[in-house]
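Visitor: Contents of upload_16.cif (mmCIF, C-alpha atoms) are given next:
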data_start
loop_
_atom_site.label_atom_id
_atom_site.label_comp_id
_atom_site.auth_asym_id
_atom_site.auth_seq_id
_atom_site.Cartn_x
_atom_site.Cartn_y
_atom_site.Cartn_z
CA MET A 1 0.00 0.00 0.00
CA ARG A 2 1.01 3.63 -0.14
CA ARG A 3 3.04 3.32 3.03
CA ALA A 4 1.72 6.64 4.31
CA ARG A 5 -1.71 5.19 3.64
CA ILE A 6 -1.22 1.65 4.90
CA THR A 7 -3.17 2.36 8.02
CA PRO A 8 -5.14 5.17 9.51
CA LEU A 9 -2.63 7.64 10.98
CA ARG A 10 -2.64 9.97 13.93
CA LEU A 11 -5.34 12.62 13.91
CA SER A 12 -4.92 13.89 17.47
CA GLY A 13 -4.63 17.56 18.18
CA LEU A 14 -7.27 18.53 15.63
CA ALA A 15 -10.21 18.98 17.95
CA GLY A 16 -10.07 22.73 17.54
CA VAL A 17 -10.64 22.35 13.81
CA ALA A 18 -13.60 20.07 14.34
CA VAL A 19 -15.64 22.36 16.56
CA LEU A 20 -15.79 25.05 13.90
CA GLY A 21 -19.04 23.18 13.24
CA LEU A 22 -21.26 24.14 10.40
CA VAL A 23 -20.66 27.91 10.56
CA LEU A 24 -18.26 27.84 7.61
CA ALA A 25 -20.81 26.10 5.42
CA GLY A 26 -23.12 29.06 5.68
CA CYS A 27 -20.54 31.63 4.62
CA SER A 28 -18.36 29.57 2.30
CA GLY A 29 -19.91 30.92 -0.86
CA GLY A 30 -19.41 34.60 -0.09
CA GLY A 31 -22.48 36.82 -0.38
CA SER A 32 -25.49 35.10 -1.88
CA SER A 33 -23.56 32.85 -4.26
CA ASN A 34 -23.42 29.12 -3.69
CA PRO A 35 -20.15 27.55 -4.90
CA GLN A 36 -21.87 24.15 -5.12
CA SER A 37 -23.87 25.39 -8.11
CA GLU A 38 -20.96 27.02 -9.94
CA ASN A 39 -18.62 25.68 -12.68
CA LEU A 40 -20.46 22.36 -12.95
CA ASP A 41 -19.59 22.01 -16.64
CA GLY A 42 -16.15 23.58 -16.34
CA LYS A 43 -13.38 21.81 -18.23
CA GLY A 44 -9.66 22.42 -18.15
CA PRO A 45 -6.47 21.68 -16.20
CA ILE A 46 -6.91 20.55 -12.59
CA THR A 47 -4.74 19.73 -9.59
CA TYR A 48 -4.94 16.50 -7.61
CA VAL A 49 -3.92 16.70 -3.94
CA GLN A 50 -2.77 13.62 -2.02
CA GLY A 51 -0.29 12.56 0.63
CA LYS A 52 3.17 11.25 -0.22
CA ASP A 53 3.13 8.76 -3.09
CA ASN A 54 5.62 6.28 -1.63
CA SER A 55 4.58 3.41 -3.91
CA ASN A 56 4.69 5.49 -7.11
CA VAL A 57 1.04 4.90 -7.88
CA VAL A 58 -0.11 8.43 -8.70
CA ARG A 59 2.44 9.62 -11.24
CA PRO A 60 2.02 6.74 -13.74
CA LEU A 61 -1.75 7.19 -13.59
CA LEU A 62 -1.48 10.93 -14.22
CA ASP A 63 0.87 10.32 -17.15
CA LYS A 64 -1.75 8.04 -18.65
CA TRP A 65 -4.57 10.54 -18.06
CA ASN A 66 -2.57 13.51 -19.36
CA LYS A 67 -1.63 11.70 -22.55
CA ALA A 68 -5.31 11.08 -23.27
CA HIS A 69 -6.46 14.54 -22.11
CA PRO A 70 -3.90 17.13 -23.32
CA ASP A 71 -6.32 20.03 -22.68
CA GLU A 72 -7.37 18.76 -19.23
CA LYS A 73 -4.04 17.84 -17.69
CA VAL A 74 -3.83 16.91 -14.01
CA THR A 75 -1.00 18.29 -11.88
CA PHE A 76 -0.02 16.40 -8.72
CA LYS A 77 0.24 18.37 -5.46
CA GLU A 78 2.01 15.96 -3.11
CA GLN A 79 1.47 16.46 0.60
CA SER A 80 3.50 15.06 3.49
CA ASP A 81 3.18 11.47 4.69
CA GLN A 82 1.53 12.52 7.98
CA ALA A 83 -2.27 12.34 8.09
CA ASP A 84 -2.68 15.22 10.55
CA GLN A 85 -0.56 17.47 8.32
CA GLN A 86 -2.56 16.41 5.25
CA HIS A 87 -5.77 17.23 7.12
CA ASP A 88 -4.49 20.65 8.21
CA ASP A 89 -3.32 21.48 4.69
CA LEU A 90 -6.75 20.67 3.24
CA VAL A 91 -8.53 22.70 5.93
CA GLN A 92 -6.33 25.73 5.32
CA ASN A 93 -6.83 25.63 1.56
CA PHE A 94 -10.58 25.10 1.84
CA GLN A 95 -10.82 28.04 4.22
CA ALA A 96 -8.84 30.13 1.72
CA LYS A 97 -11.25 28.99 -1.05
CA ASN A 98 -8.26 27.85 -3.10
CA ALA A 99 -9.54 27.04 -6.59
CA ASN A 100 -6.32 25.16 -7.34
CA TYR A 101 -7.16 22.27 -4.98
CA ASP A 102 -9.57 20.70 -7.48
CA VAL A 103 -9.61 17.02 -6.49
CA VAL A 104 -8.48 16.05 -3.00
CA ASP A 105 -7.73 12.67 -1.49
CA VAL A 106 -9.48 12.34 1.86
CA ASP A 107 -9.25 9.68 4.53
CA VAL A 108 -12.65 7.98 4.82
CA VAL A 109 -13.17 9.58 8.24
CA TRP A 110 -12.82 13.14 6.89
CA THR A 111 -15.64 12.99 4.35
CA ALA A 112 -18.41 13.87 6.79
CA GLU A 113 -16.41 16.67 8.42
CA PHE A 114 -15.55 18.37 5.12
CA ALA A 115 -19.02 17.84 3.65
CA ALA A 116 -20.70 19.35 6.71
CA LYS A 117 -18.57 22.46 6.31
CA GLY A 118 -19.69 22.90 2.71
CA TRP A 119 -16.27 22.26 1.19
CA LEU A 120 -17.02 19.18 -0.93
CA GLN A 121 -19.04 19.19 -4.14
CA PRO A 122 -22.13 16.94 -3.92
CA LEU A 123 -21.97 14.24 -6.58
CA THR A 124 -25.52 14.79 -7.71
CA GLY A 125 -27.22 15.93 -10.91
CA SER A 126 -24.74 16.15 -13.79
CA LEU A 127 -21.94 15.04 -11.46
CA LYS A 128 -23.73 11.90 -10.23
CA MET A 129 -21.65 8.71 -10.29
CA ASP A 130 -22.61 5.07 -10.77
CA THR A 131 -21.90 3.21 -7.52
CA SER A 132 -23.63 -0.07 -8.41
CA LYS A 133 -20.34 -1.97 -8.92
CA LEU A 134 -18.71 -0.72 -5.73
CA PHE A 135 -18.60 -2.34 -2.32
CA LYS A 136 -21.50 -0.86 -0.35
CA PRO A 137 -19.38 -0.17 2.78
CA THR A 138 -17.03 1.98 0.68
CA VAL A 139 -19.94 4.03 -0.65
CA ALA A 140 -21.12 4.62 2.92
CA THR A 141 -17.80 6.29 3.75
CA ALA A 142 -18.31 8.71 0.85
CA THR A 143 -21.84 9.63 1.89
CA TYR A 144 -23.06 12.20 4.42
CA ASN A 145 -26.71 12.84 5.33
CA GLY A 146 -27.84 10.71 2.41
CA THR A 147 -25.78 12.55 -0.22
CA GLN A 148 -22.64 11.29 -1.92
CA TYR A 149 -19.79 13.78 -1.56
CA ALA A 150 -16.80 11.71 -2.66
CA ALA A 151 -15.76 8.80 -4.85
CA PRO A 152 -14.43 5.69 -3.09
CA GLN A 153 -10.89 5.27 -4.38
CA THR A 154 -9.21 2.60 -2.24
CA SER A 155 -10.40 0.47 0.66
CA ASP A 156 -8.93 -1.49 3.54
CA GLY A 157 -10.04 -3.92 6.21
CA GLY A 158 -8.59 -5.54 9.29
CA LEU A 159 -7.38 -9.15 9.19
CA LEU A 160 -6.49 -11.73 11.83
CA TYR A 161 -2.99 -13.11 11.26
CA TYR A 162 -2.40 -16.46 12.95
CA ARG A 163 0.34 -19.07 13.26
CA THR A 164 -0.60 -22.13 11.23
CA ASP A 165 2.08 -24.28 12.89
CA LEU A 166 0.37 -23.75 16.26
CA VAL A 167 -3.31 -23.30 15.36
CA LYS A 168 -4.84 -25.40 12.60
CA THR A 169 -8.23 -23.68 12.49
CA PRO A 170 -8.51 -19.92 13.07
CA PRO A 171 -10.91 -18.83 15.83
CA THR A 172 -14.24 -17.47 14.66
CA SER A 173 -15.19 -15.86 17.98
CA TRP A 174 -13.40 -13.74 20.55
CA ASP A 175 -13.98 -16.39 23.24
CA ASP A 176 -12.47 -19.10 21.02
CA MET A 177 -9.42 -16.95 20.44
CA MET A 178 -8.98 -16.33 24.15
CA ASN A 179 -9.27 -20.08 24.77
CA ASP A 180 -6.51 -20.66 22.22
CA CYS A 181 -4.24 -18.45 24.31
CA THR A 182 -3.29 -21.57 26.30
CA ILE A 183 -1.41 -22.66 23.17
CA ALA A 184 0.54 -19.40 23.19
CA LYS A 185 1.44 -19.83 26.86
CA GLN A 186 2.67 -23.37 26.23
CA ALA A 187 4.80 -22.06 23.36
CA GLY A 188 6.17 -19.26 25.54
CA ILE A 189 4.88 -16.45 23.30
CA GLY A 190 2.28 -13.69 23.53
CA CYS A 191 -1.25 -14.53 22.46
CA TYR A 192 -2.96 -11.57 20.79
CA ALA A 193 -2.15 -7.99 19.89
CA GLY A 194 -3.69 -5.20 17.89
CA GLN A 195 -2.97 -1.47 17.90
CA PHE A 196 -3.38 -0.19 21.45
CA ALA A 197 -1.07 2.82 21.69
CA GLN A 198 -2.87 6.14 22.18
CA TYR A 199 -3.34 7.18 18.54
CA GLU A 200 -5.79 6.63 15.68
CA GLY A 201 -5.12 2.89 15.62
CA LEU A 202 -6.66 2.64 19.09
CA THR A 203 -9.85 4.23 17.77
CA VAL A 204 -9.87 1.57 15.04
CA ASN A 205 -9.40 -1.31 17.50
CA THR A 206 -11.88 0.08 20.03
CA ALA A 207 -14.49 0.65 17.32
CA GLU A 208 -14.01 -2.93 16.10
CA ALA A 209 -14.49 -4.29 19.61
CA VAL A 210 -17.59 -2.15 20.18
CA ASN A 211 -19.18 -2.85 16.79
CA THR A 212 -18.47 -6.59 16.95
CA ALA A 213 -20.22 -6.76 20.34
CA GLY A 214 -23.28 -5.07 18.81
CA GLY A 215 -22.63 -1.56 20.08
CA THR A 216 -22.17 1.76 18.31
CA ILE A 217 -20.30 4.97 19.11
CA VAL A 218 -22.50 7.69 17.62
CA ALA A 219 -26.03 7.69 16.21
CA LYS A 220 -26.76 8.12 12.51
CA ASP A 221 -27.00 11.88 13.00
CA GLY A 222 -23.24 11.88 13.63
CA LYS A 223 -23.72 13.87 16.83
CA THR A 224 -25.54 11.85 19.47
CA PRO A 225 -23.23 9.55 21.49
CA THR A 226 -24.45 5.95 21.80
CA VAL A 227 -21.32 4.48 23.32
CA ASN A 228 -22.58 4.20 26.90
CA SER A 229 -24.52 0.98 26.22
CA SER A 230 -24.16 -2.54 27.58
CA GLU A 231 -23.09 -3.82 24.13
CA ALA A 232 -20.42 -1.14 23.70
CA LYS A 233 -19.15 -1.76 27.22
CA LYS A 234 -18.95 -5.49 26.51
CA GLY A 235 -16.69 -4.80 23.54
CA LEU A 236 -14.25 -2.62 25.47
CA GLN A 237 -14.38 -5.01 28.44
CA ARG A 238 -13.06 -7.80 26.20
CA LEU A 239 -9.91 -5.78 25.50
CA VAL A 240 -9.53 -4.73 29.13
CA ASP A 241 -9.84 -8.34 30.30
CA GLY A 242 -7.32 -9.40 27.68
CA PHE A 243 -4.72 -7.09 29.19
CA LYS A 244 -5.73 -8.01 32.73
CA ASP A 245 -5.29 -11.76 32.28
CA GLY A 246 -2.20 -11.48 30.10
CA ASN A 247 -3.76 -12.82 26.91
CA ILE A 248 -2.80 -9.45 25.43
CA PRO A 249 0.87 -8.86 26.35
CA ALA A 250 1.51 -5.81 28.55
CA ASP A 251 3.83 -4.22 25.99
CA ALA A 252 1.01 -4.25 23.39
CA ILE A 253 -0.20 -1.03 25.05
CA THR A 254 2.64 0.62 23.08
CA TYR A 255 1.87 -1.05 19.74
CA GLN A 256 1.07 0.79 16.57
CA GLU A 257 0.86 -1.16 13.30
CA GLU A 258 4.59 -1.62 12.82
CA GLN A 259 5.39 -2.79 16.37
CA GLY A 260 2.70 -5.46 16.08
CA ARG A 261 3.95 -6.55 12.66
CA GLN A 262 7.53 -6.82 13.91
CA ALA A 263 6.47 -8.84 16.96
CA PHE A 264 4.47 -11.25 14.81
CA GLU A 265 7.28 -11.64 12.26
CA ALA A 266 9.70 -12.32 15.12
CA GLY A 267 7.51 -15.22 16.27
CA LYS A 268 6.41 -13.49 19.47
CA LEU A 269 2.65 -13.60 18.87
CA LEU A 270 0.09 -16.29 18.11
CA PHE A 271 -2.52 -13.84 16.77
CA LEU A 272 -2.27 -10.32 15.36
CA ARG A 273 -4.92 -7.91 14.19
CA ASN A 274 -3.48 -5.76 11.41
CA TRP A 275 -4.01 -4.51 7.86
CA PRO A 276 -3.32 -6.41 4.60
CA TYR A 277 0.03 -4.69 4.02
CA VAL A 278 1.57 -7.01 6.64
CA TYR A 279 0.95 -10.10 4.50
CA ASN A 280 3.60 -9.63 1.82
CA LEU A 281 6.12 -8.23 4.30
CA ALA A 282 5.75 -11.22 6.63
CA LYS A 283 6.23 -13.50 3.61
CA THR A 284 9.29 -11.72 2.23
CA ASP A 285 11.15 -9.89 5.01
CA GLY A 286 14.54 -11.45 5.60
CA SER A 287 14.03 -11.20 9.36
CA SER A 288 10.60 -12.89 9.33
CA VAL A 289 10.65 -16.27 11.10
CA VAL A 290 7.02 -16.98 10.19
CA LYS A 291 7.29 -16.80 6.37
CA ASP A 292 5.69 -20.19 5.84
CA LYS A 293 3.90 -20.47 9.17
CA PHE A 294 1.00 -18.04 9.02
CA ALA A 295 -2.31 -17.39 7.32
CA VAL A 296 -5.08 -14.82 7.58
CA ALA A 297 -8.71 -15.03 8.63
CA PRO A 298 -11.54 -12.55 9.20
CA LEU A 299 -11.57 -10.88 12.60
CA PRO A 300 -13.28 -13.10 15.19
CA GLY A 301 -16.96 -12.41 15.84
CA ASN A 302 -19.42 -13.53 18.52
CA GLY A 303 -19.62 -17.22 17.62
CA ASP A 304 -22.74 -16.93 15.46
CA GLY A 305 -20.87 -17.49 12.20
CA THR A 306 -20.63 -13.78 11.41
CA PRO A 307 -17.12 -12.32 11.20
CA GLY A 308 -16.10 -9.53 13.54
CA ALA A 309 -16.77 -5.99 12.37
CA SER A 310 -13.58 -4.55 10.94
CA SER A 311 -13.15 -0.79 10.94
CA LEU A 312 -13.19 0.27 7.32
CA GLY A 313 -10.01 1.92 6.08
CA GLY A 314 -9.24 3.55 2.77
CA HIS A 315 -9.41 6.84 0.93
CA ASN A 316 -11.92 8.76 -1.15
CA ALA A 317 -11.44 11.33 -3.92
CA ALA A 318 -13.55 14.46 -3.62
CA ILE A 319 -14.11 17.59 -5.71
CA SER A 320 -13.64 20.95 -4.02
CA VAL A 321 -16.60 23.31 -4.29
CA TYR A 322 -14.11 26.02 -5.28
CA SER A 323 -12.81 24.16 -8.36
CA LYS A 324 -13.33 26.00 -11.65
CA HIS A 325 -13.25 22.80 -13.70
CA LYS A 326 -15.69 20.46 -11.98
CA GLN A 327 -16.61 18.44 -15.07
CA THR A 328 -12.97 17.54 -15.62
CA ALA A 329 -12.63 16.77 -11.92
CA HIS A 330 -15.66 14.48 -12.15
CA ASP A 331 -14.26 12.66 -15.19
CA PHE A 332 -10.93 12.24 -13.39
CA ILE A 333 -12.44 10.65 -10.27
CA GLU A 334 -14.43 8.33 -12.54
CA PHE A 335 -11.09 7.38 -14.11
CA LEU A 336 -9.81 6.49 -10.63
CA GLN A 337 -12.64 3.95 -10.32
CA THR A 338 -12.14 2.20 -13.66
CA GLU A 339 -11.24 -1.48 -13.53
CA GLU A 340 -7.83 -0.83 -15.08
CA THR A 341 -6.97 1.85 -12.52
CA GLN A 342 -8.26 -0.21 -9.62
CA LYS A 343 -6.15 -3.19 -10.72
CA PHE A 344 -3.12 -0.89 -10.92
CA PHE A 345 -3.78 0.36 -7.37
CA MET A 346 -3.68 -3.26 -6.23
CA THR A 347 -0.67 -4.51 -8.19
CA GLN A 348 1.47 -1.39 -7.85
CA GLY A 349 0.60 -0.26 -4.34
CA SER A 350 -1.20 -3.20 -2.67
CA LEU A 351 -4.18 -0.87 -2.28
CA ALA A 352 -7.47 -2.71 -1.79
CA PRO A 353 -9.85 -2.03 -4.69
CA VAL A 354 -13.34 -0.60 -4.28
CA LEU A 355 -14.74 -2.59 -7.22
CA ALA A 356 -16.34 -5.72 -5.77
CA SER A 357 -15.64 -7.86 -8.87
CA LEU A 358 -11.85 -7.58 -8.55
CA TYR A 359 -11.87 -9.62 -5.34
CA ASP A 360 -12.85 -12.64 -7.46
CA ASP A 361 -10.22 -11.98 -10.14
CA PRO A 362 -8.14 -15.21 -10.48
CA ASP A 363 -4.88 -13.44 -11.36
CA LEU A 364 -5.15 -11.02 -8.44
CA ASN A 365 -5.99 -13.85 -6.06
CA LYS A 366 -2.91 -15.72 -7.25
CA GLN A 367 -0.74 -12.67 -6.54
CA PHE A 368 -2.38 -11.65 -3.28
CA GLY A 369 -3.23 -14.64 -1.12
CA TYR A 370 -5.26 -12.60 1.35
CA LEU A 371 -7.71 -11.13 -1.17
CA SER A 372 -10.67 -13.46 -0.60
CA THR A 373 -10.35 -13.03 3.17
CA LEU A 374 -10.09 -9.27 2.77
CA LYS A 375 -13.32 -9.34 0.77
CA LYS A 376 -15.12 -10.91 3.75
CA SER A 377 -13.56 -8.33 6.06
CA ILE A 378 -14.73 -5.38 3.96
CA GLU A 379 -18.20 -6.88 3.43
CA SER A 380 -18.72 -6.93 7.19
CA ALA A 381 -16.80 -3.71 7.87
CA VAL A 382 -18.25 -0.72 9.69
CA PRO A 383 -16.93 2.81 9.15
CA ARG A 384 -15.46 4.55 12.14
CA PRO A 385 -17.92 7.13 13.50
CA VAL A 386 -19.37 9.12 10.61
CA THR A 387 -19.44 12.58 12.15
CA PRO A 388 -18.54 16.15 11.19
CA PHE A 389 -16.70 16.35 14.51
CA TYR A 390 -14.41 13.39 13.89
CA PRO A 391 -11.12 14.78 15.27
CA ALA A 392 -12.76 15.50 18.63
CA VAL A 393 -14.65 12.20 18.61
CA THR A 394 -11.55 10.11 17.93
CA LYS A 395 -9.73 11.95 20.72
CA ALA A 396 -12.55 11.08 23.12
CA ILE A 397 -12.33 7.41 22.10
CA GLN A 398 -8.56 7.27 22.38
CA ASP A 399 -8.27 9.07 25.71
CA ASN A 400 -10.88 6.99 27.49
CA SER A 401 -10.28 3.55 26.00
CA TYR A 402 -6.54 3.96 26.68
CA ALA A 403 -7.27 4.83 30.32
CA ALA A 404 -9.44 1.71 30.60
CA LEU A 405 -6.79 -0.56 29.04
CA LYS A 406 -4.18 0.79 31.44
CA GLY A 407 -6.51 0.22 34.40
CA ASP A 408 -6.77 3.94 35.22
CA LYS A 409 -10.55 3.89 34.66
CA THR A 410 -13.23 1.24 34.86
CA VAL A 411 -15.02 0.43 31.63
CA ASP A 412 -18.17 2.09 33.01
CA GLN A 413 -16.29 5.28 33.82
CA ALA A 414 -14.44 5.28 30.49
CA MET A 415 -17.67 4.95 28.51
CA SER A 416 -19.41 7.59 30.60
CA ASP A 417 -16.53 10.03 30.08
CA MET A 418 -16.36 9.15 26.37
CA GLU A 419 -20.07 9.90 26.03
CA ALA A 420 -19.65 13.27 27.74
CA ALA A 421 -16.68 14.24 25.56
CA ILE A 422 -18.51 13.31 22.34
CA LYS A 423 -21.55 15.28 23.48
CA ALA A 424 -19.39 18.31 24.22
CA ALA A 425 -17.70 18.08 20.81
CA SER A 426 -20.96 17.85 18.89
CA SER A 427 -22.50 20.77 20.79
CA GLY A 428 -19.47 22.97 20.17
CA SER A 429 -18.77 23.39 23.89
#
Here is the file; what I need is its structure written in the form of structure tokens.
Guide:
Amino acid sequence: MRRARITPLRLSGLAGVAVLGLVLAGCSGGGSSNPQSENLDGKGPITYVQGKDNSNVVRPLLDKWNKAHPDEKVTFKEQSDQADQQHDDLVQNFQAKNANYDVVDVDVVWTAEFAAKGWLQPLTGSLKMDTSKLFKPTVATATYNGTQYAAPQTSDGGLLYYRTDLVKTPPTSWDDMMNDCTIAKQAGIGCYAGQFAQYEGLTVNTAEAVNTAGGTIVAKDGKTPTVNSSEAKKGLQRLVDGFKDGNIPADAITYQEEQGRQAFEAGKLLFLRNWPYVYNLAKTDGSSVVKDKFAVAPLPGNGDGTPGASSLGGHNAAISVYSKHKQTAHDFIEFLQTEETQKFFMTQGSLAPVLASLYDDPDLNKQFGYLSTLKKSIESAVPRPVTPFYPAVTKAIQDNSYAALKGDKTVDQAMSDMEAAIKAASSGS
């Protein structure tokens, strides 16, 4: 994957941006004009804005587009590889009504925030896109209040990595996995780890635990906290108990994606929750001692045959309301969803496609052994909270779930405090 994109990155410290609320949406057009209704048929050169292109995916695609569209060339504005810096850069340029940020790459959790502020062009009317061939969960991440504001570009889902030399059949429920931890203890290794350091990965893992247990974090309005429920508490309690009884090693409280990957490759873990990018590295890294001793499965569920609910990763492409060439921008984001482009995302950057049919492609399945499992993960995936106040909401999740995992708060207290923080964020207080 684009290594800056492999996993959701740190978004902390952005709460101040989030609580700007909807005020900007009302004044974004200046006077009585509405930028959403302007330049809909505009054609001409555009700029595409995205984080660092570590896997060299963007430039070859733009070369191809530019060769076919000499009068509508796309220029690449490359941002840093840090998600919080990418977010800040987009906010600053939207606030400045920069017409040169035509198409922007947005993390799936930013779509609602930017749409609520009136910065993204609704993909309706002449700009409507066909989503019938896309994975439904990816379309949900591009939709806010029933309107599509972005084009799903790449996806991602969590997978359970497990040692095939120690466990013949992967666990399908959390309880089964915890029971298998006796095998890890006999082997003298840690049992299970995910991403539990205090950053965006903890929001991902907490959301997966909550959603798998049948809970939710916010209501469909994106504002009302729903996290203080028995189901949500059950999900967080599973993680807390895992740390308490040692089934999750104590040092996993410091793990981001890479620390977990390295521990698994070193043979120190029986199970690991991580993203698909780990698969090829664990197979090919010279230091990996598990090259031929692991496989992947969907995240464990509740024992009813349904996989656990992965948090949905990935990125969407959106058109700025301030773009002067929206028709070209629309055609370009359609180009990003073509089968040829989506295959290139996968083969060049290990980026999960948003076209459902590609997960059954024989050649891709031969190249990427995790693809069929990833399909199941994405089919059952749930977006992280869809809210215009996401930076403040993720901070509330991280702060309180981390305190619970460390034993500084009970699960009841953590969920109560999380609820209060989300309520404060959505009310602007």
Visitor: Which residues, written as a ChimeraX atom specification, have at least one atom at most 7 Å from stretch 402-413 of chain A, with all atoms listed in the file counted and residues fewer than 4 positions away on the same chain left out?
Guide: /A:198,233,236-237,240,243,398,417
Visitor: With a distance cut-off of 10 Å and only C-alpha atoms, select the neighbouring residues of A:Pro307, excluding the residue or stretch itself and same-chain residues fewer than 5 positions from it, and output the selection as a ChimeraX atom specification.
Guide: /A:172-173,212,297-302,376-377,379-381
Visitor: Give me the result of the PyMOL selection byres ((chain A and resi 138) around 9) on this file, residue by residue, as a list of chain:residue names.
Guide: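 Applied to this file, the PyMOL selection byres ((chain A and resi 138) around 9) selects A:Val108, A:Leu134, A:Phe135, A:Lys136, A:Pro137, A:Val139, A:Ala140, A:Thr141, A:Ala142, A:Ala151, A:Pro152, A:Gln153, A:Thr154, A:Ser155, A:Leu312, A:Gly313, A:Gly314, A:Asn316, A:Val354, A:Ile378, A:Pro383.
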Visitor: Apply the PyMOL selection byres ((chain A and resi 158) around 8) to the file shown and report the selected residues as an MDAnalysis selection string.
Guide: chainID A and resid 156:157 159:160 273:276 298:299 310:312 374 377
Visitor: Which of these, A:Val382, A:Ala219, A:Ala150, A:Ala193, has the shortest distance to A:Asp105 once you count all atoms listed in the file?
Guide: A:Ala150
